[in-house]
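Chemist: Structure file start.cif (mmCIF, N, CA and C atoms) is given on the next line.
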```cif
data_protein
loop_
_atom_site.label_atom_id
_atom_site.label_comp_id
_atom_site.auth_asym_id
_atom_site.auth_seq_id
_atom_site.Cartn_x
_atom_site.Cartn_y
_atom_site.Cartn_z
N MET U 1 11.50 4.46 6.88
CA MET U 1 10.58 4.35 5.78
C MET U 1 10.06 5.74 5.42
N ALA U 2 9.85 5.95 4.15
CA ALA U 2 9.39 7.25 3.68
C ALA U 2 7.97 7.51 4.20
N LYS U 3 7.74 8.70 4.72
CA LYS U 3 6.44 9.04 5.31
C LYS U 3 5.31 8.97 4.29
N GLU U 4 5.60 9.31 3.02
CA GLU U 4 4.53 9.29 2.02
C GLU U 4 3.99 7.88 1.80
N LEU U 5 4.75 6.86 2.12
CA LEU U 5 4.26 5.49 1.97
C LEU U 5 3.18 5.17 2.99
N LEU U 6 3.13 5.90 4.06
CA LEU U 6 2.12 5.68 5.09
C LEU U 6 0.82 6.42 4.78
N ASP U 7 0.82 7.23 3.70
CA ASP U 7 -0.38 7.96 3.30
C ASP U 7 -1.42 6.97 2.76
N PRO U 8 -2.57 6.86 3.40
CA PRO U 8 -3.58 5.89 2.98
C PRO U 8 -4.19 6.18 1.62
N ASP U 9 -3.96 7.36 1.06
CA ASP U 9 -4.54 7.72 -0.24
C ASP U 9 -3.67 7.31 -1.43
N MET U 10 -2.49 6.79 -1.17
CA MET U 10 -1.63 6.35 -2.26
C MET U 10 -2.07 4.96 -2.73
N ASN U 11 -2.51 4.88 -3.98
CA ASN U 11 -3.06 3.64 -4.53
C ASN U 11 -1.99 2.64 -4.97
N CYS U 12 -0.75 3.07 -5.08
CA CYS U 12 0.29 2.21 -5.63
C CYS U 12 1.18 1.59 -4.54
N VAL U 13 0.75 1.63 -3.29
CA VAL U 13 1.52 1.08 -2.18
C VAL U 13 0.87 -0.21 -1.72
N TRP U 14 1.67 -1.27 -1.68
CA TRP U 14 1.19 -2.60 -1.31
C TRP U 14 1.98 -3.11 -0.12
N GLU U 15 1.37 -3.98 0.64
CA GLU U 15 2.05 -4.66 1.74
C GLU U 15 2.17 -6.13 1.37
N GLY U 16 3.36 -6.69 1.55
CA GLY U 16 3.58 -8.08 1.20
C GLY U 16 3.97 -8.92 2.41
N ASP U 17 3.55 -10.16 2.40
CA ASP U 17 3.88 -11.07 3.49
C ASP U 17 3.71 -12.50 2.99
N THR U 18 4.24 -13.44 3.76
CA THR U 18 3.99 -14.84 3.48
C THR U 18 3.14 -15.42 4.60
N VAL U 19 2.31 -16.37 4.23
CA VAL U 19 1.45 -17.06 5.19
C VAL U 19 1.76 -18.55 5.06
N ILE U 20 2.06 -19.16 6.20
CA ILE U 20 2.39 -20.58 6.22
C ILE U 20 1.15 -21.37 6.62
N GLY U 21 0.92 -22.49 5.92
CA GLY U 21 -0.24 -23.34 6.19
C GLY U 21 -0.09 -24.08 7.50
N PRO U 22 -1.00 -25.03 7.75
CA PRO U 22 -0.94 -25.81 8.99
C PRO U 22 0.40 -26.53 9.15
N LYS U 23 0.69 -26.95 10.36
CA LYS U 23 1.99 -27.52 10.70
C LYS U 23 2.45 -28.63 9.76
N ARG U 24 1.58 -29.53 9.41
CA ARG U 24 1.98 -30.67 8.58
C ARG U 24 1.90 -30.37 7.09
N SER U 25 1.45 -29.20 6.77
CA SER U 25 1.32 -28.80 5.38
C SER U 25 2.59 -28.06 4.94
N LYS U 26 2.91 -28.17 3.67
CA LYS U 26 4.04 -27.40 3.13
C LYS U 26 3.54 -26.16 2.39
N SER U 27 2.27 -25.86 2.54
CA SER U 27 1.66 -24.74 1.82
C SER U 27 2.20 -23.40 2.31
N VAL U 28 2.53 -22.55 1.36
CA VAL U 28 2.96 -21.19 1.65
C VAL U 28 2.26 -20.27 0.65
N LEU U 29 1.76 -19.15 1.13
CA LEU U 29 1.13 -18.17 0.27
C LEU U 29 1.90 -16.85 0.34
N LEU U 30 2.04 -16.20 -0.80
CA LEU U 30 2.53 -14.83 -0.84
C LEU U 30 1.29 -13.96 -0.98
N THR U 31 1.12 -13.02 -0.05
CA THR U 31 -0.01 -12.10 -0.12
C THR U 31 0.50 -10.69 -0.36
N LEU U 32 -0.14 -10.00 -1.27
CA LEU U 32 0.13 -8.59 -1.55
C LEU U 32 -1.20 -7.86 -1.38
N THR U 33 -1.24 -6.91 -0.46
CA THR U 33 -2.47 -6.19 -0.14
C THR U 33 -2.30 -4.71 -0.41
N ASN U 34 -3.22 -4.15 -1.17
CA ASN U 34 -3.19 -2.73 -1.48
C ASN U 34 -3.61 -1.94 -0.25
N ARG U 35 -2.80 -0.96 0.12
CA ARG U 35 -3.07 -0.18 1.34
C ARG U 35 -4.32 0.69 1.23
N LYS U 36 -4.65 1.12 0.02
CA LYS U 36 -5.77 2.05 -0.13
C LYS U 36 -7.11 1.34 -0.19
N ASN U 37 -7.21 0.29 -0.99
CA ASN U 37 -8.53 -0.29 -1.24
C ASN U 37 -8.65 -1.76 -0.82
N ASN U 38 -7.62 -2.29 -0.20
CA ASN U 38 -7.62 -3.68 0.28
C ASN U 38 -7.68 -4.72 -0.82
N ASP U 39 -7.44 -4.35 -2.08
CA ASP U 39 -7.30 -5.36 -3.13
C ASP U 39 -6.19 -6.31 -2.69
N GLU U 40 -6.33 -7.56 -3.08
CA GLU U 40 -5.33 -8.53 -2.62
C GLU U 40 -4.97 -9.49 -3.75
N VAL U 41 -3.69 -9.77 -3.85
CA VAL U 41 -3.17 -10.77 -4.76
C VAL U 41 -2.58 -11.86 -3.88
N ILE U 42 -2.99 -13.10 -4.12
CA ILE U 42 -2.50 -14.23 -3.33
C ILE U 42 -1.94 -15.25 -4.30
N MET U 43 -0.70 -15.64 -4.06
CA MET U 43 -0.05 -16.63 -4.92
C MET U 43 0.49 -17.78 -4.07
N LYS U 44 0.24 -19.00 -4.53
CA LYS U 44 0.76 -20.17 -3.83
C LYS U 44 2.22 -20.37 -4.22
N LEU U 45 3.05 -20.60 -3.22
CA LEU U 45 4.49 -20.81 -3.42
C LEU U 45 4.87 -22.24 -3.04
N PRO U 46 5.94 -22.76 -3.64
CA PRO U 46 6.40 -24.11 -3.26
C PRO U 46 7.06 -24.13 -1.88
N ASN U 47 7.62 -22.98 -1.48
CA ASN U 47 8.29 -22.89 -0.18
C ASN U 47 8.48 -21.42 0.16
N ARG U 48 9.04 -21.19 1.32
CA ARG U 48 9.22 -19.82 1.83
C ARG U 48 10.69 -19.41 1.67
N THR U 49 11.11 -19.24 0.43
CA THR U 49 12.50 -18.90 0.14
C THR U 49 12.58 -17.67 -0.75
N LYS U 50 13.75 -17.07 -0.79
CA LYS U 50 13.97 -15.91 -1.65
C LYS U 50 13.68 -16.22 -3.12
N PRO U 51 14.19 -17.36 -3.66
CA PRO U 51 13.89 -17.65 -5.06
C PRO U 51 12.39 -17.82 -5.35
N SER U 52 11.65 -18.36 -4.41
CA SER U 52 10.20 -18.52 -4.61
C SER U 52 9.50 -17.17 -4.69
N ILE U 53 9.92 -16.22 -3.88
CA ILE U 53 9.33 -14.87 -3.91
C ILE U 53 9.63 -14.22 -5.25
N VAL U 54 10.88 -14.29 -5.68
CA VAL U 54 11.26 -13.67 -6.96
C VAL U 54 10.52 -14.32 -8.12
N THR U 55 10.43 -15.64 -8.11
CA THR U 55 9.72 -16.35 -9.17
C THR U 55 8.25 -15.94 -9.22
N ALA U 56 7.61 -15.81 -8.08
CA ALA U 56 6.20 -15.40 -8.04
C ALA U 56 6.03 -14.00 -8.62
N LEU U 57 6.91 -13.08 -8.25
CA LEU U 57 6.81 -11.71 -8.78
C LEU U 57 7.14 -11.68 -10.27
N ASN U 58 8.08 -12.52 -10.71
CA ASN U 58 8.38 -12.62 -12.15
C ASN U 58 7.14 -13.10 -12.91
N THR U 59 6.46 -14.09 -12.38
CA THR U 59 5.25 -14.62 -13.01
C THR U 59 4.18 -13.54 -13.12
N LEU U 60 4.00 -12.79 -12.04
CA LEU U 60 3.01 -11.72 -12.04
C LEU U 60 3.38 -10.61 -13.03
N GLU U 61 4.66 -10.28 -13.09
CA GLU U 61 5.11 -9.24 -14.02
C GLU U 61 4.92 -9.70 -15.47
N LYS U 62 5.24 -10.94 -15.76
CA LYS U 62 5.05 -11.45 -17.12
C LYS U 62 3.58 -11.44 -17.52
N LEU U 63 2.71 -11.73 -16.56
CA LEU U 63 1.28 -11.72 -16.81
C LEU U 63 0.77 -10.31 -17.11
N LEU U 64 1.22 -9.34 -16.31
CA LEU U 64 0.74 -7.96 -16.45
C LEU U 64 1.52 -7.14 -17.47
N GLY U 65 2.78 -7.48 -17.68
CA GLY U 65 3.68 -6.64 -18.46
C GLY U 65 4.43 -5.71 -17.52
N ALA U 66 5.63 -5.33 -17.92
CA ALA U 66 6.51 -4.55 -17.04
C ALA U 66 5.91 -3.20 -16.65
N GLU U 67 5.37 -2.49 -17.62
CA GLU U 67 4.84 -1.15 -17.34
C GLU U 67 3.63 -1.20 -16.41
N LYS U 68 2.71 -2.11 -16.68
CA LYS U 68 1.51 -2.21 -15.84
C LYS U 68 1.88 -2.68 -14.44
N PHE U 69 2.82 -3.63 -14.34
CA PHE U 69 3.26 -4.09 -13.02
C PHE U 69 3.77 -2.91 -12.20
N ASN U 70 4.61 -2.07 -12.82
CA ASN U 70 5.16 -0.92 -12.10
C ASN U 70 4.09 0.10 -11.75
N ASP U 71 3.11 0.29 -12.62
CA ASP U 71 2.01 1.21 -12.32
C ASP U 71 1.21 0.74 -11.11
N ILE U 72 0.99 -0.56 -11.03
CA ILE U 72 0.17 -1.11 -9.95
C ILE U 72 0.98 -1.29 -8.67
N PHE U 73 2.14 -1.92 -8.77
CA PHE U 73 2.96 -2.27 -7.60
C PHE U 73 4.18 -1.36 -7.51
N THR U 74 3.96 -0.06 -7.50
CA THR U 74 5.08 0.90 -7.48
C THR U 74 5.94 0.72 -6.23
N TYR U 75 5.29 0.53 -5.09
CA TYR U 75 6.00 0.33 -3.82
C TYR U 75 5.41 -0.89 -3.11
N ILE U 76 6.29 -1.70 -2.54
CA ILE U 76 5.85 -2.83 -1.73
C ILE U 76 6.59 -2.78 -0.40
N ILE U 77 5.82 -2.87 0.67
CA ILE U 77 6.40 -2.90 2.02
C ILE U 77 6.35 -4.34 2.53
N PHE U 78 7.50 -4.88 2.89
CA PHE U 78 7.58 -6.23 3.43
C PHE U 78 7.98 -6.17 4.89
N ASP U 79 7.68 -7.26 5.61
CA ASP U 79 8.24 -7.37 6.95
C ASP U 79 9.71 -7.77 6.79
N ASN U 80 10.37 -8.06 7.85
CA ASN U 80 11.81 -8.33 7.79
C ASN U 80 12.15 -9.81 7.62
N GLY U 81 11.22 -10.58 7.05
CA GLY U 81 11.47 -12.00 6.82
C GLY U 81 12.61 -12.22 5.85
N ILE U 82 13.37 -13.27 6.09
CA ILE U 82 14.54 -13.57 5.25
C ILE U 82 14.16 -13.86 3.81
N GLU U 83 12.93 -14.31 3.58
CA GLU U 83 12.50 -14.63 2.22
C GLU U 83 12.39 -13.38 1.34
N PHE U 84 12.40 -12.19 1.93
CA PHE U 84 12.30 -10.95 1.17
C PHE U 84 13.65 -10.24 0.99
N ARG U 85 14.73 -10.91 1.33
CA ARG U 85 16.04 -10.26 1.34
C ARG U 85 16.77 -10.22 0.00
N ASP U 86 16.19 -10.77 -1.06
CA ASP U 86 16.79 -10.64 -2.39
C ASP U 86 16.25 -9.35 -3.01
N VAL U 87 16.76 -8.25 -2.53
CA VAL U 87 16.25 -6.94 -2.94
C VAL U 87 16.36 -6.75 -4.45
N ASP U 88 17.51 -7.07 -5.04
CA ASP U 88 17.68 -6.90 -6.49
C ASP U 88 16.73 -7.80 -7.26
N GLY U 89 16.58 -9.04 -6.83
CA GLY U 89 15.68 -9.97 -7.51
C GLY U 89 14.24 -9.51 -7.46
N ILE U 90 13.84 -8.93 -6.35
CA ILE U 90 12.47 -8.45 -6.19
C ILE U 90 12.25 -7.15 -6.98
N GLU U 91 13.21 -6.24 -6.89
CA GLU U 91 13.01 -4.92 -7.52
C GLU U 91 13.23 -4.90 -9.03
N ASN U 92 14.15 -5.70 -9.53
CA ASN U 92 14.50 -5.62 -10.95
C ASN U 92 13.52 -6.37 -11.83
N SER U 93 13.18 -5.75 -12.94
CA SER U 93 12.26 -6.34 -13.89
C SER U 93 12.86 -7.59 -14.53
N CYS U 94 12.02 -8.59 -14.75
CA CYS U 94 12.46 -9.77 -15.50
C CYS U 94 12.12 -9.59 -16.98
N CYS U 95 11.37 -8.55 -17.32
CA CYS U 95 10.93 -8.32 -18.70
C CYS U 95 11.72 -7.22 -19.40
N GLU U 96 12.24 -6.29 -18.63
CA GLU U 96 12.96 -5.13 -19.19
C GLU U 96 14.34 -5.05 -18.55
N PHE U 97 15.37 -5.09 -19.36
CA PHE U 97 16.74 -5.04 -18.85
C PHE U 97 17.05 -3.69 -18.21
N ASN U 98 17.69 -3.72 -17.04
CA ASN U 98 18.11 -2.52 -16.30
C ASN U 98 16.96 -1.61 -15.90
N ILE U 99 15.79 -2.16 -15.67
CA ILE U 99 14.62 -1.39 -15.25
C ILE U 99 14.14 -1.96 -13.92
N LYS U 100 13.74 -1.05 -13.02
CA LYS U 100 13.16 -1.48 -11.75
C LYS U 100 11.66 -1.67 -11.94
N ARG U 101 11.15 -2.82 -11.49
CA ARG U 101 9.71 -3.05 -11.60
C ARG U 101 8.96 -2.50 -10.40
N THR U 102 9.67 -2.38 -9.26
CA THR U 102 9.07 -1.89 -8.03
C THR U 102 10.17 -1.35 -7.13
N LYS U 103 9.77 -0.70 -6.09
CA LYS U 103 10.70 -0.25 -5.05
C LYS U 103 10.21 -0.85 -3.75
N ILE U 104 11.09 -1.58 -3.05
CA ILE U 104 10.64 -2.20 -1.81
C ILE U 104 11.19 -1.48 -0.59
N PHE U 105 10.42 -1.58 0.45
CA PHE U 105 10.79 -1.05 1.76
C PHE U 105 10.54 -2.14 2.78
N PHE U 106 11.25 -2.06 3.88
CA PHE U 106 11.05 -3.01 4.97
C PHE U 106 10.41 -2.28 6.14
N ALA U 107 9.38 -2.90 6.70
CA ALA U 107 8.72 -2.33 7.87
C ALA U 107 9.70 -2.27 9.02
N ARG U 108 9.52 -1.30 9.86
CA ARG U 108 10.39 -1.16 11.03
C ARG U 108 10.01 -2.22 12.06
N PRO U 109 11.01 -2.84 12.67
CA PRO U 109 10.70 -3.82 13.71
C PRO U 109 9.83 -3.22 14.81
N TYR U 110 8.87 -3.98 15.24
CA TYR U 110 7.95 -3.59 16.32
C TYR U 110 7.07 -2.40 15.96
N LYS U 111 6.94 -2.11 14.67
CA LYS U 111 6.05 -1.03 14.20
C LYS U 111 5.00 -1.66 13.29
N SER U 112 4.09 -2.41 13.88
CA SER U 112 3.11 -3.16 13.09
C SER U 112 2.21 -2.25 12.26
N ASN U 113 2.10 -0.98 12.61
CA ASN U 113 1.29 -0.07 11.79
C ASN U 113 1.92 0.18 10.42
N ASP U 114 3.20 -0.16 10.23
CA ASP U 114 3.84 -0.02 8.92
C ASP U 114 3.23 -0.98 7.91
N TRP U 115 2.73 -2.10 8.36
CA TRP U 115 2.12 -3.08 7.47
C TRP U 115 0.85 -3.67 8.08
N ALA U 116 0.08 -2.81 8.70
CA ALA U 116 -1.10 -3.22 9.47
C ALA U 116 -2.20 -3.85 8.62
N ILE U 117 -2.41 -3.38 7.43
CA ILE U 117 -3.50 -3.89 6.59
C ILE U 117 -3.24 -5.35 6.24
N ASN U 118 -2.02 -5.65 5.82
CA ASN U 118 -1.69 -7.01 5.44
C ASN U 118 -1.78 -7.94 6.64
N GLU U 119 -1.28 -7.52 7.78
CA GLU U 119 -1.33 -8.35 8.98
C GLU U 119 -2.77 -8.64 9.37
N LYS U 120 -3.63 -7.65 9.24
CA LYS U 120 -5.05 -7.85 9.58
C LYS U 120 -5.70 -8.85 8.62
N ASN U 121 -5.41 -8.74 7.34
CA ASN U 121 -6.01 -9.62 6.34
C ASN U 121 -5.48 -11.04 6.43
N ASN U 122 -4.25 -11.20 6.87
CA ASN U 122 -3.67 -12.55 6.96
C ASN U 122 -4.21 -13.25 8.18
#
```
Written as structure tokens, how would this file's structure read?
Modeler:
Amino acid sequence: MAKELLDPDMNCVWEGDTVIGPKRSKSVLLTLTNRKNNDEVIMKLPNRTKPSIVTALNTLEKLLGAEKFNDIFTYIIFDNGIEFRDVDGIENSCCEFNIKRTKIFFARPYKSNDWAINEKNN
């Protein structure tokens, strides 16, 4: 992972994760936490799958617009969950053809400080 992403003063770096509800519940949340100021975006998902993650980010991008989405969510760090493995679907804009809406990175296994803020908030 790029060292500059670990700089706490970068306002455009977010940590993403999913949170699963109680055992008998099908509730899943996508959480995006800003590393600098702890702002948080929480979206309810129908399930914990790659298409659900992409759909949630598409919804957020359509709400904000492509340029504003990229300004806010320039970098997102995810854990190594399989639901985050559609790299093209997550990074590519749904509003602008051939444009990246974000750049994603994956936290290093067993390096919880790579995404410590999100883990603490979840």
Chemist: Using atom C of Asp39 in chain U and CA of Asn98 in chain U as the two end points, give the distance in Å to one decimal.
Modeler: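 Separation of atom C of Asp39 in chain U and CA of Asn98 in chain U: 28.1 Å.
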Chemist: Please return, as number ranges by chain, all residues of chain U that DSSP assigns to helix (DSSP H, G or I) on the basis of the backbone.
Modeler: U: 3-6, 50-64, 66-72, 82-84, 87-91, 112-121
Chemist: Atom N of Ser25 in chain U and atom C of Leu57 in chain U are how many Å apart?
Modeler: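 Result for atom N of Ser25 in chain U versus atom C of Leu57 in chain U: 25.1 Å, one decimal.
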Chemist: Can you list, as a PDB file with N, CA and C atoms, keeping the file's coordinate frame, the residues that the PyMOL selection byres ((chain U and resi 101) around 6.5) selects here?
Modeler:
```pdb
ATOM      1  N   ALA U  66       5.630  -5.330 -17.920  1.00  0.00           N
ATOM      2  CA  ALA U  66       6.510  -4.550 -17.040  1.00  0.00           C
ATOM      3  C   ALA U  66       5.910  -3.200 -16.650  1.00  0.00           C
ATOM      4  N   PHE U  69       2.820  -3.630 -14.340  1.00  0.00           N
ATOM      5  CA  PHE U  69       3.260  -4.090 -13.020  1.00  0.00           C
ATOM      6  C   PHE U  69       3.770  -2.910 -12.200  1.00  0.00           C
ATOM      7  N   ASN U  70       4.610  -2.070 -12.820  1.00  0.00           N
ATOM      8  CA  ASN U  70       5.160  -0.920 -12.100  1.00  0.00           C
ATOM      9  C   ASN U  70       4.090   0.100 -11.750  1.00  0.00           C
ATOM     10  N   PHE U  73       2.140  -1.920  -8.770  1.00  0.00           N
ATOM     11  CA  PHE U  73       2.960  -2.270  -7.600  1.00  0.00           C
ATOM     12  C   PHE U  73       4.180  -1.360  -7.510  1.00  0.00           C
ATOM     13  N   THR U  74       3.960  -0.060  -7.500  1.00  0.00           N
ATOM     14  CA  THR U  74       5.080   0.900  -7.480  1.00  0.00           C
ATOM     15  C   THR U  74       5.940   0.720  -6.230  1.00  0.00           C
ATOM     16  N   ILE U  90      13.840  -8.930  -6.350  1.00  0.00           N
ATOM     17  CA  ILE U  90      12.470  -8.450  -6.190  1.00  0.00           C
ATOM     18  C   ILE U  90      12.250  -7.150  -6.980  1.00  0.00           C
ATOM     19  N   GLU U  91      13.210  -6.240  -6.890  1.00  0.00           N
ATOM     20  CA  GLU U  91      13.010  -4.920  -7.520  1.00  0.00           C
ATOM     21  C   GLU U  91      13.230  -4.900  -9.030  1.00  0.00           C
ATOM     22  N   ASN U  92      14.150  -5.700  -9.530  1.00  0.00           N
ATOM     23  CA  ASN U  92      14.500  -5.620 -10.950  1.00  0.00           C
ATOM     24  C   ASN U  92      13.520  -6.370 -11.830  1.00  0.00           C
ATOM     25  N   SER U  93      13.180  -5.750 -12.940  1.00  0.00           N
ATOM     26  CA  SER U  93      12.260  -6.340 -13.890  1.00  0.00           C
ATOM     27  C   SER U  93      12.860  -7.590 -14.530  1.00  0.00           C
ATOM     28  N   ILE U  99      15.790  -2.160 -15.670  1.00  0.00           N
ATOM     29  CA  ILE U  99      14.620  -1.390 -15.250  1.00  0.00           C
ATOM     30  C   ILE U  99      14.140  -1.960 -13.920  1.00  0.00           C
ATOM     31  N   LYS U 100      13.740  -1.050 -13.020  1.00  0.00           N
ATOM     32  CA  LYS U 100      13.160  -1.480 -11.750  1.00  0.00           C
ATOM     33  C   LYS U 100      11.660  -1.670 -11.940  1.00  0.00           C
ATOM     34  N   THR U 102       9.670  -2.380  -9.260  1.00  0.00           N
ATOM     35  CA  THR U 102       9.070  -1.890  -8.030  1.00  0.00           C
ATOM     36  C   THR U 102      10.170  -1.350  -7.130  1.00  0.00           C
ATOM     37  N   LYS U 103       9.770  -0.700  -6.090  1.00  0.00           N
ATOM     38  CA  LYS U 103      10.700  -0.250  -5.050  1.00  0.00           C
ATOM     39  C   LYS U 103      10.210  -0.850  -3.750  1.00  0.00           C
TER      40      LYS U 103
END
```
Chemist: Kindly provide, as a PyMOL selection string, the polymer residues lying within 8 Å of (17.8, -13.9, -2.4), counting all atoms listed in the file and using the coordinates exactly as they appear in the file.
Modeler: chain U and resi 49-52+54+82-90
Chemist: What does the file look like for those residues with N, CA and C atoms, as an mmCIF file, in the frame of the given file?
Modeler:
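As written to disk, selection-v7.cif reads:
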```cif
data_model
loop_
_atom_site.group_PDB
_atom_site.id
_atom_site.type_symbol
_atom_site.label_atom_id
_atom_site.label_comp_id
_atom_site.auth_asym_id
_atom_site.auth_seq_id
_atom_site.Cartn_x
_atom_site.Cartn_y
_atom_site.Cartn_z
ATOM 1 N N THR U 49 11.110 -19.240 0.430
ATOM 2 C CA THR U 49 12.500 -18.900 0.140
ATOM 3 C C THR U 49 12.580 -17.670 -0.750
ATOM 4 N N LYS U 50 13.750 -17.070 -0.790
ATOM 5 C CA LYS U 50 13.970 -15.910 -1.650
ATOM 6 C C LYS U 50 13.680 -16.220 -3.120
ATOM 7 N N PRO U 51 14.190 -17.360 -3.660
ATOM 8 C CA PRO U 51 13.890 -17.650 -5.060
ATOM 9 C C PRO U 51 12.390 -17.820 -5.350
ATOM 10 N N SER U 52 11.650 -18.360 -4.410
ATOM 11 C CA SER U 52 10.200 -18.520 -4.610
ATOM 12 C C SER U 52 9.500 -17.170 -4.690
ATOM 13 N N VAL U 54 10.880 -14.290 -5.680
ATOM 14 C CA VAL U 54 11.260 -13.670 -6.960
ATOM 15 C C VAL U 54 10.520 -14.320 -8.120
ATOM 16 N N ILE U 82 13.370 -13.270 6.090
ATOM 17 C CA ILE U 82 14.540 -13.570 5.250
ATOM 18 C C ILE U 82 14.160 -13.860 3.810
ATOM 19 N N GLU U 83 12.930 -14.310 3.580
ATOM 20 C CA GLU U 83 12.500 -14.630 2.220
ATOM 21 C C GLU U 83 12.390 -13.380 1.340
ATOM 22 N N PHE U 84 12.400 -12.190 1.930
ATOM 23 C CA PHE U 84 12.300 -10.950 1.170
ATOM 24 C C PHE U 84 13.650 -10.240 0.990
ATOM 25 N N ARG U 85 14.730 -10.910 1.330
ATOM 26 C CA ARG U 85 16.040 -10.260 1.340
ATOM 27 C C ARG U 85 16.770 -10.220 0.000
ATOM 28 N N ASP U 86 16.190 -10.770 -1.060
ATOM 29 C CA ASP U 86 16.790 -10.640 -2.390
ATOM 30 C C ASP U 86 16.250 -9.350 -3.010
ATOM 31 N N VAL U 87 16.760 -8.250 -2.530
ATOM 32 C CA VAL U 87 16.250 -6.940 -2.940
ATOM 33 C C VAL U 87 16.360 -6.750 -4.450
ATOM 34 N N ASP U 88 17.510 -7.070 -5.040
ATOM 35 C CA ASP U 88 17.680 -6.900 -6.490
ATOM 36 C C ASP U 88 16.730 -7.800 -7.260
ATOM 37 N N GLY U 89 16.580 -9.040 -6.830
ATOM 38 C CA GLY U 89 15.680 -9.970 -7.510
ATOM 39 C C GLY U 89 14.240 -9.510 -7.460
ATOM 40 N N ILE U 90 13.840 -8.930 -6.350
ATOM 41 C CA ILE U 90 12.470 -8.450 -6.190
ATOM 42 C C ILE U 90 12.250 -7.150 -6.980
#
```
Chemist: Excluding same-chain residues fewer than 4 positions from Ile104 in chain U, what lies within 6 Å of it counting only C-alpha atoms, as a PyMOL selection string?
Modeler: chain U and resi 75-77
Chemist: What would range 12-17 of chain U look like with all heavy atoms restored, written as a PDB file, keeping the file's coordinate frame?
Modeler:
```pdb
ATOM      1  N   CYS U  12      -0.750   3.070  -5.080  1.00  0.00           N
ATOM      2  CA  CYS U  12       0.290   2.210  -5.630  1.00  0.00           C
ATOM      3  C   CYS U  12       1.180   1.590  -4.540  1.00  0.00           C
ATOM      4  O   CYS U  12       2.251   1.077  -4.827  1.00  0.00           O
ATOM      5  CB  CYS U  12       1.136   2.983  -6.623  1.00  0.00           C
ATOM      6  SG  CYS U  12       1.880   4.456  -5.900  1.00  0.00           S
ATOM      7  N   VAL U  13       0.750   1.630  -3.290  1.00  0.00           N
ATOM      8  CA  VAL U  13       1.520   1.080  -2.180  1.00  0.00           C
ATOM      9  C   VAL U  13       0.870  -0.210  -1.720  1.00  0.00           C
ATOM     10  O   VAL U  13      -0.327  -0.255  -1.420  1.00  0.00           O
ATOM     11  CB  VAL U  13       1.609   2.067  -0.990  1.00  0.00           C
ATOM     12  CG1 VAL U  13       2.415   1.469   0.145  1.00  0.00           C
ATOM     13  CG2 VAL U  13       2.216   3.386  -1.438  1.00  0.00           C
ATOM     14  N   TRP U  14       1.670  -1.270  -1.680  1.00  0.00           N
ATOM     15  CA  TRP U  14       1.190  -2.600  -1.310  1.00  0.00           C
ATOM     16  C   TRP U  14       1.980  -3.110  -0.120  1.00  0.00           C
ATOM     17  O   TRP U  14       3.128  -2.716   0.090  1.00  0.00           O
ATOM     18  CB  TRP U  14       1.354  -3.564  -2.481  1.00  0.00           C
ATOM     19  CG  TRP U  14       0.466  -3.217  -3.638  1.00  0.00           C
ATOM     20  CD1 TRP U  14       0.594  -2.146  -4.476  1.00  0.00           C
ATOM     21  CD2 TRP U  14      -0.692  -3.919  -4.068  1.00  0.00           C
ATOM     22  NE1 TRP U  14      -0.422  -2.140  -5.398  1.00  0.00           N
ATOM     23  CE2 TRP U  14      -1.211  -3.225  -5.176  1.00  0.00           C
ATOM     24  CE3 TRP U  14      -1.321  -5.071  -3.628  1.00  0.00           C
ATOM     25  CZ2 TRP U  14      -2.346  -3.653  -5.845  1.00  0.00           C
ATOM     26  CZ3 TRP U  14      -2.448  -5.511  -4.301  1.00  0.00           C
ATOM     27  CH2 TRP U  14      -2.958  -4.796  -5.401  1.00  0.00           C
ATOM     28  N   GLU U  15       1.370  -3.980   0.640  1.00  0.00           N
ATOM     29  CA  GLU U  15       2.050  -4.660   1.740  1.00  0.00           C
ATOM     30  C   GLU U  15       2.170  -6.130   1.370  1.00  0.00           C
ATOM     31  O   GLU U  15       1.203  -6.730   0.907  1.00  0.00           O
ATOM     32  CB  GLU U  15       1.246  -4.513   3.034  1.00  0.00           C
ATOM     33  CG  GLU U  15       1.091  -3.083   3.476  1.00  0.00           C
ATOM     34  CD  GLU U  15       0.216  -2.933   4.714  1.00  0.00           C
ATOM     35  OE1 GLU U  15      -0.135  -3.956   5.342  1.00  0.00           O
ATOM     36  OE2 GLU U  15      -0.110  -1.787   5.044  1.00  0.00           O
ATOM     37  N   GLY U  16       3.360  -6.690   1.550  1.00  0.00           N
ATOM     38  CA  GLY U  16       3.580  -8.080   1.200  1.00  0.00           C
ATOM     39  C   GLY U  16       3.970  -8.920   2.410  1.00  0.00           C
ATOM     40  O   GLY U  16       4.637  -8.434   3.315  1.00  0.00           O
ATOM     41  N   ASP U  17       3.550 -10.160   2.400  1.00  0.00           N
ATOM     42  CA  ASP U  17       3.880 -11.070   3.490  1.00  0.00           C
ATOM     43  C   ASP U  17       3.710 -12.500   2.990  1.00  0.00           C
ATOM     44  O   ASP U  17       3.115 -12.743   1.941  1.00  0.00           O
ATOM     45  CB  ASP U  17       2.963 -10.820   4.684  1.00  0.00           C
ATOM     46  CG  ASP U  17       3.538 -11.329   6.001  1.00  0.00           C
ATOM     47  OD1 ASP U  17       4.665 -11.869   6.010  1.00  0.00           O
ATOM     48  OD2 ASP U  17       2.856 -11.190   7.027  1.00  0.00           O
TER      49      ASP U  17
END
```
